[in-house]
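Read the structure below first, then the notes.
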Amino acid sequence: MSLDAFINSLPKAELHLHIEGSLEPELMFELARRNKVEIPFDSVEAVRAAYDFSNLQDFLDIYYAGANVLQTEQDFHDLAYAYFQRAAADRVRHAEIFFDPQTHTDRGIPFQVVADGLLSGMKAAEADLDVSSQLILCFLRHLDEDAAFATLRKAEPWLDRIRGVGLDSSEVGHPPSKFKSVFAAAGSMGLKRVAHAGEEGPPEYVWEALDLLKIDRMDHGNRSMEDPKLVERLAKEGMTLTVCPLSNHKLCVVDDLKDHPVPEMLRQGLHVTLNSDDPAYFGGYVNENWRQLTAAVGLTREQLIGLAKNSFEGSFLTSAEKAAYI
Ligand code: ADE
Ligand code: ZN
């Protein structure tokens with residue numbers, strides 16, 4: 001079996017996926033037409049051509065603009081269902097997906113529309129495609145902690161269907177410490193905690209995510225590699241890192257996929273998983289991330305099996321549910 005076929009055949013979980021980042025240009029156009037929303041592009045090709053980023057903020061500006069076409073519960077359902085169709089084709093059996101409610105509530109879309117639309121897409125995907133999923137509510141870190149608290153309050157009626165909270169958007173200048181209280185509140189409500197850290201931000205932000213936000217899982221974590229004591233701690237604690245190779249390349253976190261830190265992370269005993277982040281913007285869904293990274297750095301079949309196992313082990317499934325996959 002070729003290495004590509006081997007990657008395709010491996011059952012896997014996806015643990016770092018922004019559902020708004022799975023909005024393909026074709027669906028963006030369809031929703032723009034359906035909802036009579038103007039978008040600043042003439043064609044699908046023009047949208048794709050605009051996806052040329054030199055850093056995280058470049059991308060975020062376009063990503064938040066793209067989300068404007070999402071208006072109704074049906075739109076959020078369709079967005080989620082389309083992602084799960086792509087994921088199922090990559091043998092994703094379980095996905096823990098991020099959503100950014102503030103991106104929508106701040107432009108007048110009720111929290112209920114976003115949450116119920118996504119949950120309905122997730123339920124349909126489980127029934128039709130046999131992909132299970134959980135929802136993680138991300139706070140936008142460029143906004144203040146009061147806004148994060150207001151979002152958590154809006155989410156209260158849905159907390160039995162939301163597995164955890166996360167932290168995303170512009171990292172540099174917005175350290176995890178800014179969200180210490182809201183993460184403590186979320187933890188006391190029984191929610192899991194994850195955070196983007198060390199994507200563009202320094203190792204200090206990773207320490208803060210561990211010590212102040214008390215995260216259960218780390219999103220990205222690349223810049224942890226600059227601090228040997230931090231790497232030792234992450235390895236000792238068995239912290240799962242949700243790494244996103246094509247995202248790192250597209251956002252210039254790494255200049256060349258050949259220089260991606262995954263092989264060194266594995267050598268140092270880190271619990272790495274491979275994920276797609278915002279696949280519609282970064283050139284590929286999860287298997288494309290696995291394939292391109294493998295081609296660039298030469299991962300072995302044994303390492304690939306380990307990465308697949310890590311994806312289930314690092315998930316928020318119960319031990320019994322994990323045992324069915326591993
Ligand atoms: N929101 C969507 N994708 C993101 C990323 N890679 N980093 C931070 N915020 C994001
Ligand atoms: Zn992300």
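Identifiers in the structure tokens: chain A, B, ... in order shown; residue index from 1 per chain; ligand index from 1 in order shown.
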Selection near range 273-281 of chain A, 8 Å with only C-alpha atoms, sequence-local residues under 3 positions removed, as an mmCIF file with C-alpha atoms, in the first residue's frame:
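Everything below was put into out.cif:
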data_model
loop_
_atom_site.group_PDB
_atom_site.id
_atom_site.type_symbol
_atom_site.label_atom_id
_atom_site.label_comp_id
_atom_site.auth_asym_id
_atom_site.auth_seq_id
_atom_site.Cartn_x
_atom_site.Cartn_y
_atom_site.Cartn_z
ATOM 1 C CA GLU A 14 -9.613 15.887 14.220
ATOM 2 C CA LEU A 15 -9.090 18.117 17.262
ATOM 3 C CA HIS A 16 -8.258 21.532 15.777
ATOM 4 C CA LEU A 17 -10.807 22.739 13.258
ATOM 5 C CA HIS A 18 -12.501 26.131 13.141
ATOM 6 C CA ILE A 19 -15.852 25.479 11.548
ATOM 7 C CA GLU A 20 -15.902 29.005 10.069
ATOM 8 C CA GLY A 21 -12.534 28.132 8.501
ATOM 9 C CA SER A 22 -14.130 25.287 6.559
ATOM 10 C CA LEU A 23 -16.269 27.729 4.548
ATOM 11 C CA GLU A 24 -15.311 26.903 0.949
ATOM 12 C CA PRO A 25 -15.542 29.725 -1.618
ATOM 13 C CA ARG A 48 -8.880 31.644 -3.724
ATOM 14 C CA TYR A 51 -5.799 33.577 0.200
ATOM 15 C CA THR A 240 -1.746 16.869 23.677
ATOM 16 C CA LEU A 241 -0.687 19.442 21.075
ATOM 17 C CA THR A 242 -3.043 20.026 18.137
ATOM 18 C CA VAL A 243 -0.552 20.915 15.425
ATOM 19 C CA CYS A 244 -1.599 22.267 12.012
ATOM 20 C CA PRO A 245 1.137 21.934 9.369
ATOM 21 C CA LEU A 246 -0.482 23.583 6.325
ATOM 22 C CA SER A 247 -1.760 26.440 8.479
ATOM 23 C CA GLY A 284 -6.322 21.075 2.481
ATOM 24 C CA TYR A 285 -8.331 18.959 4.879
ATOM 25 C CA VAL A 286 -6.786 16.662 7.435
ATOM 26 C CA ASN A 289 -1.966 17.914 6.116
ATOM 27 C CA TRP A 290 -0.800 14.391 6.914
ATOM 28 C CA LEU A 307 -0.257 10.208 15.435
ATOM 29 C CA ALA A 308 -3.610 8.544 14.743
ATOM 30 C CA ASN A 310 -2.710 10.381 19.770
ATOM 31 C CA SER A 311 -5.704 11.944 18.045
#
Go through the chains and note each residue within 9 Å of ligand 1, using only C-alpha atoms and all ligand atoms, then give the set as a ChimeraX atom specification. /A:17-21,56-57,59-60,63-64,98-100,138,140-141,167-171,196-197,199-200,219-220,244,247-248,251,277-278
Write to file, as a compact mmCIF listing (two decimals), in the first residue's frame, the residues of the selection just made, with C-alpha atoms.
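This went into again.txt:
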# COMPACT_ATOMS: atom_id res chain seq x y z
CA LEU A 17 -10.81 22.74 13.26
CA HIS A 18 -12.50 26.13 13.14
CA ILE A 19 -15.85 25.48 11.55
CA GLU A 20 -15.90 29.00 10.07
CA GLY A 21 -12.53 28.13 8.50
CA LEU A 56 -2.08 35.33 11.24
CA GLN A 57 -3.71 38.80 11.16
CA PHE A 59 -5.70 35.68 7.38
CA LEU A 60 -8.04 36.69 10.21
CA TYR A 63 -11.72 34.98 7.57
CA TYR A 64 -13.94 37.33 9.61
CA PHE A 98 -14.31 25.20 17.34
CA PHE A 99 -16.81 27.94 16.74
CA ASP A 100 -16.42 31.68 17.32
CA CYS A 138 -13.82 29.88 21.44
CA LEU A 140 -11.91 35.94 20.63
CA ARG A 141 -8.77 37.12 22.40
CA LEU A 167 -9.14 30.88 22.94
CA ASP A 168 -8.34 32.02 19.41
CA SER A 169 -7.84 35.06 17.11
CA SER A 170 -4.88 37.51 17.23
CA GLU A 171 -2.36 36.06 19.66
CA HIS A 196 -4.20 28.58 21.04
CA ALA A 197 -0.71 29.31 22.34
CA GLU A 199 1.44 29.84 17.26
CA GLU A 200 2.94 33.33 16.86
CA ASP A 219 -3.63 24.31 20.25
CA HIS A 220 -0.50 24.70 18.07
CA CYS A 244 -1.60 22.27 12.01
CA SER A 247 -1.76 26.44 8.48
CA ASN A 248 1.75 26.97 9.86
CA LEU A 251 0.67 31.81 7.88
CA ASP A 277 -7.20 24.40 11.38
CA ASP A 278 -8.99 26.34 8.59
If you run DSSP on the backbone here, which positions in range 38-274 of chain A get helix (DSSP H, G or I)? Please write them as an NGL selection string. :A and (44-50 or 56-69 or 73-89 or 101-105 or 111-129 or 145-161 or 176-188 or 203-211 or 222-226 or 228-237 or 245-250 or 257-259 or 262-267)
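With distances restricted to only C-alpha atoms, A:Val69 is the closest residue to His104 in chain A from A:Ala89, A:Ala124, A:Ala49, A:Val69.
For the pair CA of Ala13 in chain A and CA of Glu204 in chain A, the interatomic distance is 28.7 Å.
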Val182 in chain A surroundings by only C-alpha atoms, 7 Å radius, close-in-sequence under 5 positions cut, as a PDB file with C-alpha atoms, in the first residue's frame:
ATOM      1  CA  GLU A 145     -12.631  39.463  29.088  1.00  0.00           C
ATOM      2  CA  ALA A 148     -15.927  36.619  26.872  1.00  0.00           C
ATOM      3  CA  PHE A 149     -17.997  36.472  30.081  1.00  0.00           C
TER       4      PHE A 149
END
Do a neighbour search on range 71-74 of chain A at 9 Å with only C-alpha atoms, toss out local chain neighbours closer than 6 positions, and write the hits as an MDAnalysis selection string. chainID A and resid 31 35 104 109 112:118 120:121
Write the selection just made, keeping C-alpha atoms, as a compact mmCIF listing (two decimals), in the first residue's frame?
# COMPACT_ATOMS: atom_id res chain seq x y z
CA LEU A 31 -24.81 31.76 0.87
CA ASN A 35 -28.92 35.79 1.84
CA HIS A 104 -21.62 36.26 14.68
CA ILE A 109 -26.83 36.96 14.61
CA GLN A 112 -29.21 30.45 19.27
CA VAL A 113 -29.01 30.57 15.44
CA VAL A 114 -25.30 29.70 15.47
CA ALA A 115 -25.42 26.98 18.11
CA ASP A 116 -28.62 25.24 16.96
CA GLY A 117 -27.53 25.32 13.31
CA LEU A 118 -24.15 23.77 14.09
CA SER A 120 -28.16 20.15 13.88
CA GLY A 121 -25.39 19.71 11.25
Nearest-residue call for ligand 2, choices A:Ala324, A:Val194, A:Leu27, A:Ala5, using only C-alpha atoms and all ligand atoms: A:Val194
Could you check which of A:Arg291, A:Lys154, A:Gly164, A:Asp90 is closest to Ser9 in chain A, using only C-alpha atoms?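 That would be A:Asp90, the residue with the smallest distance to Ser9 in chain A.
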Any idea what's packed within 10 Å of Ala296 in chain A, counting only C-alpha atoms, ignoring anything in its chain fewer than 6 positions away? Could you give it as number ranges by chain? A: 256-260
From a DSSP calculation on the backbone, collect every residue of range 46-273 of chain A in strand (DSSP E) and output the set as a PyMOL selection string. chain A and resi 92-99+132-140+164-168+192-197+217-220+240-243+271-273
Can you write out the residues you just picked, keeping C-alpha atoms, as a PDB file, in the first residue's frame?
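Generated file (part.pdb):
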ATOM      1  CA  VAL A  92     -12.156  11.140  10.403  1.00  0.00           C
ATOM      2  CA  ARG A  93     -14.316   9.219  12.887  1.00  0.00           C
ATOM      3  CA  HIS A  94     -14.567  11.948  15.522  1.00  0.00           C
ATOM      4  CA  ALA A  95     -14.100  15.726  15.432  1.00  0.00           C
ATOM      5  CA  GLU A  96     -13.991  18.385  18.142  1.00  0.00           C
ATOM      6  CA  ILE A  97     -14.832  21.576  16.329  1.00  0.00           C
ATOM      7  CA  PHE A  98     -14.313  25.203  17.339  1.00  0.00           C
ATOM      8  CA  PHE A  99     -16.811  27.940  16.737  1.00  0.00           C
ATOM      9  CA  SER A 132     -19.185  11.796  16.073  1.00  0.00           C
ATOM     10  CA  SER A 133     -18.416  15.334  17.211  1.00  0.00           C
ATOM     11  CA  GLN A 134     -18.247  17.786  20.058  1.00  0.00           C
ATOM     12  CA  LEU A 135     -18.423  21.569  20.102  1.00  0.00           C
ATOM     13  CA  ILE A 136     -15.824  23.926  21.611  1.00  0.00           C
ATOM     14  CA  LEU A 137     -16.770  27.571  22.106  1.00  0.00           C
ATOM     15  CA  CYS A 138     -13.820  29.881  21.442  1.00  0.00           C
ATOM     16  CA  PHE A 139     -13.450  33.339  22.941  1.00  0.00           C
ATOM     17  CA  LEU A 140     -11.909  35.936  20.625  1.00  0.00           C
ATOM     18  CA  GLY A 164     -15.365  23.067  26.298  1.00  0.00           C
ATOM     19  CA  VAL A 165     -14.032  26.567  25.777  1.00  0.00           C
ATOM     20  CA  GLY A 166     -11.068  27.705  23.710  1.00  0.00           C
ATOM     21  CA  LEU A 167      -9.137  30.878  22.944  1.00  0.00           C
ATOM     22  CA  ASP A 168      -8.344  32.023  19.414  1.00  0.00           C
ATOM     23  CA  LYS A 192     -12.913  21.448  29.212  1.00  0.00           C
ATOM     24  CA  ARG A 193     -10.346  24.157  28.492  1.00  0.00           C
ATOM     25  CA  VAL A 194      -8.097  24.548  25.446  1.00  0.00           C
ATOM     26  CA  ALA A 195      -6.216  27.547  24.066  1.00  0.00           C
ATOM     27  CA  HIS A 196      -4.205  28.577  21.035  1.00  0.00           C
ATOM     28  CA  ALA A 197      -0.713  29.313  22.341  1.00  0.00           C
ATOM     29  CA  ARG A 217      -5.097  20.521  25.584  1.00  0.00           C
ATOM     30  CA  MET A 218      -2.829  22.925  23.700  1.00  0.00           C
ATOM     31  CA  ASP A 219      -3.629  24.305  20.249  1.00  0.00           C
ATOM     32  CA  HIS A 220      -0.497  24.701  18.074  1.00  0.00           C
ATOM     33  CA  THR A 240      -1.746  16.869  23.677  1.00  0.00           C
ATOM     34  CA  LEU A 241      -0.687  19.442  21.075  1.00  0.00           C
ATOM     35  CA  THR A 242      -3.043  20.026  18.137  1.00  0.00           C
ATOM     36  CA  VAL A 243      -0.552  20.915  15.425  1.00  0.00           C
ATOM     37  CA  HIS A 271       1.829  14.051  22.245  1.00  0.00           C
ATOM     38  CA  VAL A 272       1.348  15.509  18.786  1.00  0.00           C
ATOM     39  CA  THR A 273      -1.792  15.373  16.651  1.00  0.00           C
TER      40      THR A 273
END
Excluding His174 in chain A and its own-chain neighbours fewer than 5 positions away, which residues fall within 9 Å of it when counting only C-alpha atoms? Please give them as a PyMOL selection string. chain A and resi 141-143+201
